[in-house]
Structure formats: C-alpha cells, structure tokens
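Structure file protein17.cif (mmCIF, C-alpha atoms) follows.
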data_my_file
loop_
_atom_site.label_atom_id
_atom_site.label_comp_id
_atom_site.auth_asym_id
_atom_site.auth_seq_id
_atom_site.Cartn_x
_atom_site.Cartn_y
_atom_site.Cartn_z
CA MET F 1 103.45 63.36 90.90
CA THR F 2 103.46 62.48 94.58
CA SER F 3 102.76 58.91 95.44
CA ASP F 4 100.17 59.52 98.14
CA LEU F 5 97.61 60.46 95.52
CA THR F 6 95.37 57.51 94.84
CA PRO F 7 93.73 57.36 91.41
CA LEU F 8 90.02 57.88 91.16
CA PRO F 9 88.01 54.65 91.11
CA SER F 10 86.85 53.64 87.66
CA PHE F 11 83.31 53.29 88.96
CA TYR F 12 82.84 57.08 88.94
CA PHE F 13 84.00 57.36 85.33
CA LEU F 14 81.51 54.71 84.28
CA MET F 15 78.74 56.52 86.16
CA VAL F 16 79.51 59.83 84.44
CA ALA F 17 79.63 58.06 81.09
CA ALA F 18 76.25 56.41 81.73
CA ALA F 19 74.75 59.77 82.74
CA LEU F 20 76.15 61.44 79.61
CA PHE F 21 74.75 58.66 77.44
CA SER F 22 71.30 58.95 79.01
CA ILE F 23 71.26 62.75 78.71
CA GLY F 24 72.31 62.51 75.08
CA LEU F 25 69.60 59.94 74.38
CA GLY F 26 66.98 62.13 76.06
CA VAL F 27 68.10 65.17 74.05
CA ILE F 28 67.93 63.20 70.80
CA VAL F 29 64.44 61.86 71.55
CA THR F 30 62.81 65.01 72.94
CA LYS F 31 64.32 67.86 70.93
CA ARG F 32 62.90 68.86 67.58
CA ASN F 33 65.65 71.15 66.34
CA ALA F 34 68.19 69.39 64.13
CA VAL F 35 71.17 71.13 65.73
CA ALA F 36 69.97 70.02 69.18
CA VAL F 37 69.84 66.43 67.95
CA LEU F 38 73.45 66.83 66.75
CA ILE F 39 74.40 68.05 70.22
CA GLY F 40 72.83 64.89 71.68
CA ILE F 41 74.88 62.77 69.28
CA GLU F 42 78.04 64.54 70.42
CA LEU F 43 77.15 63.81 74.04
CA ILE F 44 76.69 60.11 73.29
CA LEU F 45 80.03 59.97 71.45
CA ASN F 46 81.67 61.63 74.45
CA ALA F 47 80.17 58.99 76.74
CA VAL F 48 81.61 56.25 74.53
CA ASN F 49 85.02 57.92 74.58
CA LEU F 50 84.94 58.23 78.34
CA ASN F 51 84.19 54.51 78.65
CA LEU F 52 87.06 53.66 76.30
CA VAL F 53 89.50 55.81 78.27
CA THR F 54 88.29 54.34 81.55
CA PHE F 55 88.87 50.77 80.46
CA SER F 56 92.20 51.80 78.93
CA ARG F 57 93.48 52.99 82.31
CA HIS F 58 94.37 49.43 83.34
CA ASP F 59 95.74 48.40 79.95
CA PRO F 60 99.41 49.29 79.34
CA SER F 61 99.10 49.00 75.55
CA LEU F 62 96.84 52.12 75.37
CA ARG F 63 94.65 50.64 72.64
CA GLY F 64 91.52 52.12 74.17
CA GLN F 65 92.93 55.63 73.97
CA LEU F 66 93.88 55.07 70.33
CA PHE F 67 90.36 53.92 69.58
CA ALA F 68 88.97 56.97 71.37
CA LEU F 69 91.22 59.13 69.20
CA PHE F 70 89.75 57.61 66.03
CA VAL F 71 86.25 58.06 67.44
CA ILE F 72 87.02 61.78 67.90
CA VAL F 73 88.19 61.99 64.28
CA VAL F 74 85.04 60.31 62.98
CA ALA F 75 82.86 62.51 65.23
CA ALA F 76 84.45 65.68 63.83
CA ALA F 77 83.86 64.52 60.25
CA GLU F 78 80.29 63.55 61.11
CA ALA F 79 79.56 66.95 62.67
CA ALA F 80 80.88 68.77 59.59
CA ILE F 81 78.81 66.69 57.16
CA ALA F 82 75.68 66.85 59.33
CA LEU F 83 75.91 70.65 59.69
CA ALA F 84 76.24 70.97 55.91
CA ILE F 85 73.14 68.82 55.41
CA VAL F 86 71.20 70.79 58.04
CA LEU F 87 72.10 74.09 56.38
CA LYS F 88 71.06 72.74 52.98
CA THR F 89 67.70 71.50 54.28
CA TYR F 90 67.23 74.84 56.01
CA GLN F 91 67.77 76.63 52.71
CA TYR F 92 65.22 74.37 51.01
CA PHE F 93 62.53 73.94 53.68
CA ARG F 94 63.12 77.23 55.55
CA THR F 95 63.04 75.34 58.83
CA ALA F 96 65.34 73.26 61.00
CA ASP F 97 62.47 71.39 62.62
CA LEU F 98 62.85 67.68 62.04
CA ASP F 99 59.10 67.05 62.15
CA GLN F 100 58.41 69.33 59.20
CA VAL F 101 61.12 67.92 56.96
CA SER F 102 59.01 64.95 55.91
CA ASP F 103 58.92 64.90 52.13
CA LEU F 104 60.17 61.32 51.94
CA LYS F 105 57.42 60.15 54.26
CA ASN F 106 54.66 57.93 52.77
CA MET T 13 72.30 74.84 74.96
CA ALA T 14 75.71 75.38 73.40
CA LEU T 15 77.03 76.68 76.70
CA GLY T 16 75.98 73.46 78.43
CA LEU T 17 77.71 71.45 75.70
CA PHE T 18 80.84 73.56 76.24
CA ALA T 19 80.77 72.85 80.00
CA SER T 20 80.25 69.12 79.52
CA LEU T 21 83.02 68.87 76.91
CA LEU T 22 85.45 70.64 79.24
CA GLY T 23 84.34 68.35 82.06
CA VAL T 24 85.02 65.27 79.94
CA ALA T 25 88.46 66.69 79.12
CA ALA T 26 89.13 67.11 82.84
CA LEU T 27 88.07 63.50 83.42
CA TYR T 28 90.55 62.43 80.73
CA VAL T 29 93.27 64.21 82.67
CA LEU T 30 92.21 62.40 85.84
CA ALA T 31 92.26 59.09 83.97
CA GLY T 32 95.84 59.70 82.87
CA ALA T 33 95.05 60.37 79.20
CA ASP T 34 96.70 63.74 78.73
CA PHE T 35 97.02 63.57 74.95
CA LEU T 36 93.33 62.74 74.60
CA ALA T 37 92.40 65.62 76.89
CA VAL T 38 94.28 68.11 74.73
CA THR T 39 92.79 66.54 71.60
CA GLN T 40 89.32 66.78 73.10
CA ILE T 41 89.71 70.47 73.85
CA MET T 42 91.22 71.25 70.45
CA VAL T 43 88.83 69.23 68.32
CA TYR T 44 85.57 69.58 70.21
CA VAL T 45 85.79 73.02 71.78
CA GLY T 46 87.83 74.49 68.95
CA GLY T 47 86.11 72.82 66.04
CA VAL T 48 82.84 71.02 66.62
CA LEU T 49 81.41 73.52 69.10
CA VAL T 50 82.16 76.49 66.82
CA LEU T 51 80.53 74.56 63.97
CA LEU T 52 77.42 73.87 66.06
CA ILE T 53 77.22 77.52 67.12
CA PHE T 54 77.34 78.50 63.44
CA GLY T 55 74.56 75.99 62.80
CA ILE T 56 72.42 77.50 65.57
CA MET T 57 73.16 80.98 64.24
CA LEU T 58 72.32 80.22 60.60
CA THR T 59 69.10 78.30 61.30
CA LYS T 60 66.89 80.67 63.18
CA LYS T 61 64.30 79.13 65.39
CA SER T 62 61.24 81.31 64.93
CA GLN T 63 59.48 80.90 61.66
CA SER T 64 57.64 83.75 60.05
CA PRO T 65 54.13 82.74 58.97
CA ASP T 66 54.41 83.97 55.38
CA ASN T 67 56.86 81.31 54.27
CA GLN T 68 54.98 78.44 55.88
CA LEU T 69 55.15 75.59 53.45
CA LYS T 70 51.95 73.73 54.19
CA ASN T 71 48.74 74.92 55.71
CA TYR T 72 47.63 72.07 57.93
CA VAL T 73 47.40 72.26 61.68
CA LEU T 74 50.69 71.25 63.23
CA THR T 75 50.43 68.97 66.23
CA SER T 76 53.34 67.98 68.37
CA ASN T 77 54.00 64.29 67.83
CA ILE T 78 56.95 64.19 70.20
CA ASN T 79 56.06 63.07 73.67
CA GLN T 80 58.56 64.79 75.89
CA PHE T 81 57.45 62.95 79.02
CA TRP T 82 58.00 59.47 77.63
CA GLY T 83 61.35 60.46 76.15
CA VAL T 84 62.58 61.58 79.55
CA VAL T 85 61.14 58.44 81.19
CA VAL T 86 62.88 56.16 78.70
CA SER T 87 66.25 57.89 79.08
CA LEU T 88 65.98 57.88 82.87
CA SER T 89 65.11 54.19 82.93
CA ILE T 90 68.04 53.41 80.64
CA PHE T 91 70.24 55.32 83.07
CA GLY T 92 68.77 53.22 85.91
CA ILE T 93 69.52 50.00 84.03
CA LEU T 94 73.10 51.13 83.38
CA PHE T 95 73.50 52.22 87.01
CA VAL T 96 72.43 48.82 88.36
CA ALA T 97 74.53 47.02 85.75
CA ILE T 98 77.68 48.97 86.65
CA LEU T 99 77.02 48.56 90.37
CA THR T 100 76.63 44.80 90.15
CA ALA T 101 79.26 44.20 87.46
CA ASN T 102 82.31 43.86 89.76
CA PHE T 103 84.97 44.06 87.06
CA SER T 104 88.09 42.08 87.93
CA PHE T 105 89.85 44.18 85.33
CA PHE T 106 89.76 47.13 87.70
CA GLU T 107 91.83 45.28 90.31
CA ARG T 108 94.93 45.73 88.20
CA PRO T 109 97.18 48.74 88.82
CA THR T 110 96.47 51.68 86.60
CA ASN T 111 98.89 53.04 84.02
CA VAL T 112 99.43 56.17 86.10
CA GLU T 113 100.65 54.10 89.03
CA GLN T 114 102.85 51.89 86.86
CA SER T 115 104.53 54.54 84.76
CA ALA T 116 104.75 57.08 87.61
CA GLY T 117 102.79 59.70 85.73
CA ALA T 118 104.73 59.62 82.47
CA SER T 119 103.12 61.23 79.45
CA THR T 120 101.13 59.14 77.00
CA VAL T 121 102.09 61.28 74.02
CA GLN T 122 105.11 59.22 73.05
CA PRO T 123 103.49 55.73 73.17
CA ILE T 124 100.43 57.00 71.31
CA GLY T 125 102.60 58.56 68.62
CA MET T 126 104.74 55.46 68.33
CA SER T 127 101.79 53.13 67.94
CA LEU T 128 99.99 55.49 65.55
CA LEU T 129 102.87 55.27 63.12
CA THR T 130 103.78 51.60 63.60
CA THR T 131 101.03 49.23 64.62
CA HIS T 132 98.02 51.43 63.88
CA LEU T 133 99.29 52.96 60.64
CA LEU T 134 96.43 51.72 58.46
CA PRO T 135 93.59 53.26 60.52
CA PHE T 136 95.65 56.45 60.76
CA GLU T 137 95.86 56.74 56.98
CA ILE T 138 92.20 55.79 56.59
CA ALA T 139 91.31 58.54 59.07
CA SER T 140 93.26 61.07 57.03
CA ILE T 141 91.45 60.04 53.84
CA LEU T 142 88.13 60.15 55.71
CA LEU T 143 88.82 63.68 56.93
CA MET T 144 89.71 64.84 53.43
CA VAL T 145 86.57 63.24 51.97
CA ALA T 146 84.44 64.81 54.72
CA LEU T 147 85.96 68.24 54.10
CA MET T 148 85.37 68.08 50.35
CA GLY T 149 81.89 66.62 50.77
CA ALA T 150 80.85 69.25 53.31
CA THR T 151 82.00 72.09 51.09
CA TYR T 152 80.30 70.50 48.07
CA ILE T 153 77.02 70.09 49.94
CA ALA T 154 77.04 73.50 51.61
CA THR T 155 77.87 75.59 48.54
CA SER T 156 74.84 76.83 46.68
CA LYS T 157 74.99 75.85 43.05
CA THR T 158 72.07 78.01 41.94
CA LYS T 159 72.27 81.66 41.08
CA PRO T 160 71.47 83.93 44.02
CA ASP T 161 68.92 85.99 42.01
CA ASN T 162 66.14 83.38 42.00
CA ASP T 163 65.03 84.28 45.50
CA GLU T 164 62.20 86.54 44.44
#
Can you turn what I pasted into structure tokens?
Amino acid sequence: MTSDLTPLPSFYFLMVAAALFSIGLGVIVTKRNAVAVLIGIELILNAVNLNLVTFSRHDPSLRGQLFALFVIVVAAAEAAIALAIVLKTYQYFRTADLDQVSDLKN
Amino acid sequence: MALGLFASLLGVAALYVLAGADFLAVTQIMVYVGGVLVLLIFGIMLTKKSQSPDNQLKNYVLTSNINQFWGVVVSLSIFGILFVAILTANFSFFERPTNVEQSAGASTVQPIGMSLLTTHLLPFEIASILLMVALMGATYIATSKTKPDNDE
C-alpha cells in the first residue's frame, strides 16, 4: 500500500450507517410483507456493523470488529429462524401479510 | 427488493475494505450474500404475494392500517436527527491514527483469529452453540409434522 493514500474520513462511514439505519426503519414500518420486514432488519444490523467497524478503525485492539463478527453470527441465526417462522405462518394462514396474521390480537 | 439488498450488502462489504477490515468484508460476503440473501430469496419464492380469493380466511373489508406517508416522514426525520448529531459530535477519537496507517496495511486476519481463540473464547463457543441451536430449531419449525394428505 502506497503511503500517499489517505484513509477515508470516518464521517462518511457514519453518514452511510445512519442512512442505512433510516432506510431499514422505513422499510420495517411501511412494508406489509414479512420477508420485506426481515430485509429491513438486515439493513439495520448492517448499519450497526458499519458503525462498529468505523469506531474500530482507531482502536488497535480490534474489539469492534470482533463484536461485529458476533453480530453477523447472530443475524444469520435470526434470519434462519425468522424465515422458518414465516414459512410456517404462511402454511397456516396462506398469507405472508403481517396485518392479516392477527389471531393473538384482542 | 432482493436485488437492492444484494447491492447494499456488497456496498457495505466494500466499505469494510475501505475501513481496513478485510476479514469482516470476506465474512460479510460469505455469510450475507451466500447465506442470508439466498434464504430471503427462498422466502420470497415460497410465499407468493397475490392471494387467490377462494382461500380468503375472513370475509370483512380489509382496510390498510399502515400509513406509508408517516412512516417515511418518521424515518427521514430520524435520519435528520442522526445527521445533525454526527455533524456536531466532533469526536476526538477520530483524531488518532487509524489502524491502516499504523500497521502499514497488514491483514487483520491473524489478530482476529488470535483474539477469538484466546481472549474472546467464551463468546466464540457460545456463538457455536447458538448456531447449532438455531439450525436445529429452524429445521424443527419448518418441517411439517402432519401428513400431507389432509390438504383436501
């Protein structure tokens, strides 16, 4: 790596992470399909990971990257379980719309 | 929808490379693009969107109780709050030299592997147990325990 390359300022990483978080939140709130809500959750987890990696850039012990690694592991497990639950509710209710799966309401 | 998620996951992996986290970038591509995205595509494929009217469960008039406008407004205002907060934060932490400058671009694979097996051994083992439990639980939930001939 040549030394005349300056690293990107951390401000940009934080901006991208904030944008990803907001887009994920908007997807979760506005979408009605269960798989779309899962996609929004993945976007929010990616924003969190990007923040962890950004703050770990200035830390020589790399603890932020290790924490981001565990967040990736938990996110993969969560996606597998959530997809299984969505498929099961689709078999029972014949729909993946979160507004119509409301048997526990009231 | 899934294509946009694919693009954003690859973009986040590229940002990891720019931040000097090469091991995390490879992990991101392998786990998210290779695992989670394929899983989500299967979920989209197996839950079809259009619903035929003969298997409608209830007969009342469905009204949309999700206000798309206010959801977008709330997420945009949260982005505005975060934008102003990051602009005015002025972290002194960011004045320090980055790891890329200090280690002259050395790989992070070896320190991450060393600390995973020495100082962070307990969360590593807990993560392995969690993955096994999630695998068994997902297969237990997703398998159909009833006979397939009770459809009609």
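Nearest-residue note for chain F: choosing from T:Val121, T:Ile56, T:Leu134, T:Ile93, the minimum distance belongs to T:Ile56, counting all atoms listed in the file.
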Inset, instruction - Identify every residue of chain T that has at least one atom within 6 Å of any atom of chain F, counting all atoms listed in the file, and report the result as a list in words. - result: Gln80, Gly83, Val84, Ser87, Phe91, Thr110, Asn111, Ala146, Ala150 and Ala154 of chain T
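Of the listed residues F:Val101, F:Val37, F:Leu52, F:Leu45, the one whose atoms come nearest to T:Tyr28 is F:Leu52, with distances taken using all atoms listed in the file.
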Inset, instruction - Report the distance between atom CA of T:Leu52 and atom CA of T:Leu15 in Å, rounded to one decimal place. - result: 11.0 Å
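Coordinates place atom CA of T:Leu36 at a distance of 16.7 Å from atom CA of T:Leu129.
Our summary of the geometry notes that atom CA of T:Thr151 is positioned 21.5 Å from atom CA of T:Glu137.
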Edge lengths and centre, in Å to one decimal, as lines of an AutoDock Vina configuration file: that's what I need for the box along x, y and z that holds all listed atoms of stretch 25-34 of chain F plus 6 Å on each side.
center_x = 66.2
center_y = 65.5
center_z = 70.1
size_x = 18.8
size_y = 23.2
size_z = 23.9
Legend entry - Of the listed residues T:Leu99, T:Ile90, T:Ile124, T:Leu21, that which approaches T:Val48 most closely, counting all atoms listed in the file: T:Leu21
